[in-house]
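Chemist: Have a look at the structure that comes next, please.
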Amino acid sequence: MKQRPCVLVFAGSDPGGGAGIQADNQAIAALGAHPLTVVTVLTAQDNDRVFAVHPVEAELVREQALPLMAKMEIAAVKIGIVGNRANAEAIAGIIVELRRRQPDLPVVLDPVLASGHGDALAAEEAVQALAPLLALTTVVTPNLPEAVALSHGEPDVERQAGILLQQGCGHVLIKGGHGEGVQVANRWFAAGDGHTWTWPRLPGSFHGSGCTLASALAAQLARGHGMRVALDTAQAYCQRALENAYAIAEGQSIPDRVGTKFKENV
């Protein structure tokens, strides 16, 4: 029987199905891997606003992950909302355990600090909550406001990336969706490497686009693709999902992660 590589996901639950673990499941499966999901946060939200955030106890985060780690081979880790510092520390401990067996285990961190409307997504200061994870991250995928926050207010994109690389992140992808102009520029930074992709800016706004990209990237890395190929494929898939987005109510549209017809160019 054909076996799919597994991606261990730590993220929040979105009852509306547009973002969080619900989005991660769809994107990871669409890119040929299998999601193993650990809930870090329960939320009350719709496709626009977040009304409440309830972090899961750190011990329960660990308890959810342990049986999966014991039986399944984890090929990549994807981290979304952690909720608080205790959960970040629990996840960091799990990654350290996994890397004793798999030193090169890829870890994708989507540093979700707020909803698209600006609603907080952590029970405490979100940047400080993420601190234990940055040194363990293979690739971090902030949008423009998140990159400013994670670099303590630095306005220059190249310096933002430099600060994150100095903190231990192996690769930085700063997404340009919050910028202006007819093109979205996503900029990849790594020691001795880098690239800029441009994509047509689409009208409207989308719920869960960051989750879609980070999860697709984790799936590609889980399948053994190199970083450049994984970034190429994940962005192309995400762009197609946004082009095919659909409405469930007034407000942000939902990327079509399932119905999108996508073929990897690898």
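Chain labels A, B, ... are given in the sequence in which chains occur in the structure tokens; within each chain residues are numbered consecutively from 1, and ligands are likewise numbered from 1 in the order shown.
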Pick out the residues sitting within 9 Å of region 176-186 of chain A, and hand them over as number ranges by chain; count only C-alpha atoms, and ignore anything fewer than 6 positions along from it in its own chain.
Modeler: A: 143-145, 195-202
Chemist: Could you pull the residues within 8 Å of region 151-168 of chain A, counting only C-alpha atoms, minus those fewer than 3 positions along the same chain, as a list in words?
Modeler: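 Residues near the query, excluding close chain neighbours: Leu134, Ala135, Leu136, Thr137, Ala147, Val148, His171, Val172, Ile174, Phe189 and Ala190 of chain A.
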Chemist: For the structure I just gave you, how does DSSP split region 136-216 of chain A - specifically, which residues are helix (DSSP H, G or I)? Reply as a PyMOL selection string.
Modeler: chain A and resi 144-150+157-166+209-216
Chemist: Using 7 Å as the limit and counting only C-alpha atoms, can you tabulate each residue of region 124-183 of chain A that touches region 103-110 of chain A, with its shortest atom-to-atom distance in Å and the two atoms involved, as JSON lines?
Modeler:
```
{"residue": "A:Thr137", "atom": "CA", "partner": "A:Val107", "partner_atom": "CA", "distance": 5.2}
{"residue": "A:Thr138", "atom": "CA", "partner": "A:Val107", "partner_atom": "CA", "distance": 5.0}
{"residue": "A:Val139", "atom": "CA", "partner": "A:Val108", "partner_atom": "CA", "distance": 5.1}
{"residue": "A:Val140", "atom": "CA", "partner": "A:Leu109", "partner_atom": "CA", "distance": 4.7}
{"residue": "A:Thr141", "atom": "CA", "partner": "A:Asp110", "partner_atom": "CA", "distance": 5.2}
{"residue": "A:Pro142", "atom": "CA", "partner": "A:Asp110", "partner_atom": "CA", "distance": 6.4}
```
Chemist: Just list the residues in region 21-262 of chain A DSSP gives strand (DSSP E) on the backbone, as a ChimeraX atom specification.
Modeler: /A:34-45,50-55,74-79,107-109,139-140,171-174,183-190,193-200
Chemist: Considering only C-alpha atoms, return as a compact mmCIF listing (two decimals) with C-alpha atoms, in the first residue's frame whatever protein or nucleic-acid residues lie within 12 Å of Ser215 (chain A), sequence-local ones (same chain, fewer than 6 positions apart) excluded.
Modeler:
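As written to disk, part-v4.txt reads:
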```txt
# COMPACT_ATOMS: atom_id res chain seq x y z
CA CYS A 6 3.11 12.78 7.68
CA VAL A 7 3.14 16.44 8.70
CA LEU A 8 2.66 17.09 12.42
CA VAL A 9 0.58 20.27 12.71
CA PHE A 10 0.27 22.50 15.78
CA ALA A 11 -2.44 25.12 15.20
CA ALA A 19 -8.15 28.95 8.48
CA GLY A 20 -6.24 27.11 11.19
CA ILE A 21 -6.16 23.34 11.38
CA GLN A 22 -9.12 23.03 9.03
CA ALA A 23 -7.16 24.85 6.31
CA ASP A 24 -3.95 22.97 7.13
CA ASN A 25 -5.68 19.61 6.66
CA GLN A 26 -6.89 20.51 3.18
CA ALA A 27 -3.64 22.03 1.90
CA ILE A 28 -1.39 19.27 3.22
CA ALA A 29 -3.60 16.56 1.72
CA ALA A 30 -3.82 18.41 -1.60
CA LEU A 31 -0.01 18.49 -1.83
CA GLY A 32 0.36 14.76 -1.27
CA ALA A 33 1.10 14.42 2.45
CA HIS A 34 -1.00 13.45 5.47
CA PRO A 35 -1.79 15.88 8.34
CA LEU A 36 -1.49 14.85 11.99
CA THR A 37 -3.21 17.63 13.93
CA ALA A 76 7.79 17.70 8.75
CA VAL A 77 6.26 19.97 11.38
CA LYS A 78 3.99 22.94 10.68
CA ILE A 79 3.26 25.47 13.45
CA GLY A 80 0.50 28.07 13.36
CA VAL A 107 9.88 22.87 10.76
CA VAL A 108 7.67 25.51 9.11
CA LEU A 109 6.54 28.36 11.37
CA ASP A 110 3.65 30.57 10.25
CA VAL A 139 11.60 28.35 7.53
CA VAL A 140 9.46 31.16 8.94
CA THR A 141 6.76 32.76 6.74
CA GLY A 208 -6.56 31.44 5.69
CA SER A 209 -4.15 32.30 2.88
CA LEU A 221 9.36 19.52 2.48
CA ALA A 222 7.85 16.35 3.99
CA ALA A 230 9.12 23.53 -2.16
CA LEU A 231 8.73 27.31 -2.14
CA THR A 233 5.30 24.72 -5.64
CA ALA A 234 3.69 25.93 -2.43
CA GLN A 235 3.30 29.48 -3.74
CA TYR A 237 -0.64 26.14 -5.32
CA CYS A 238 -1.63 28.94 -2.94
CA ARG A 257 -7.73 24.27 -1.35
```
Chemist: Would you kindly return, as number ranges by chain, each protein, DNA or RNA residue with an atom no farther than 10 Å from any atom of Glu125 (chain A), considering only C-alpha atoms and excluding same-chain residues fewer than 6 positions away?
Modeler: A: 83-85, 113
Chemist: Find the residues around region 38-49 of chain A up to 10 Å (only C-alpha atoms counted), leave out those fewer than 6 positions away in its own chain, and share them as a PyMOL selection string.
Modeler: chain A and resi 8-21+55-58+60-65+68+79-84+87-88+91+115-123+205-208+247-254
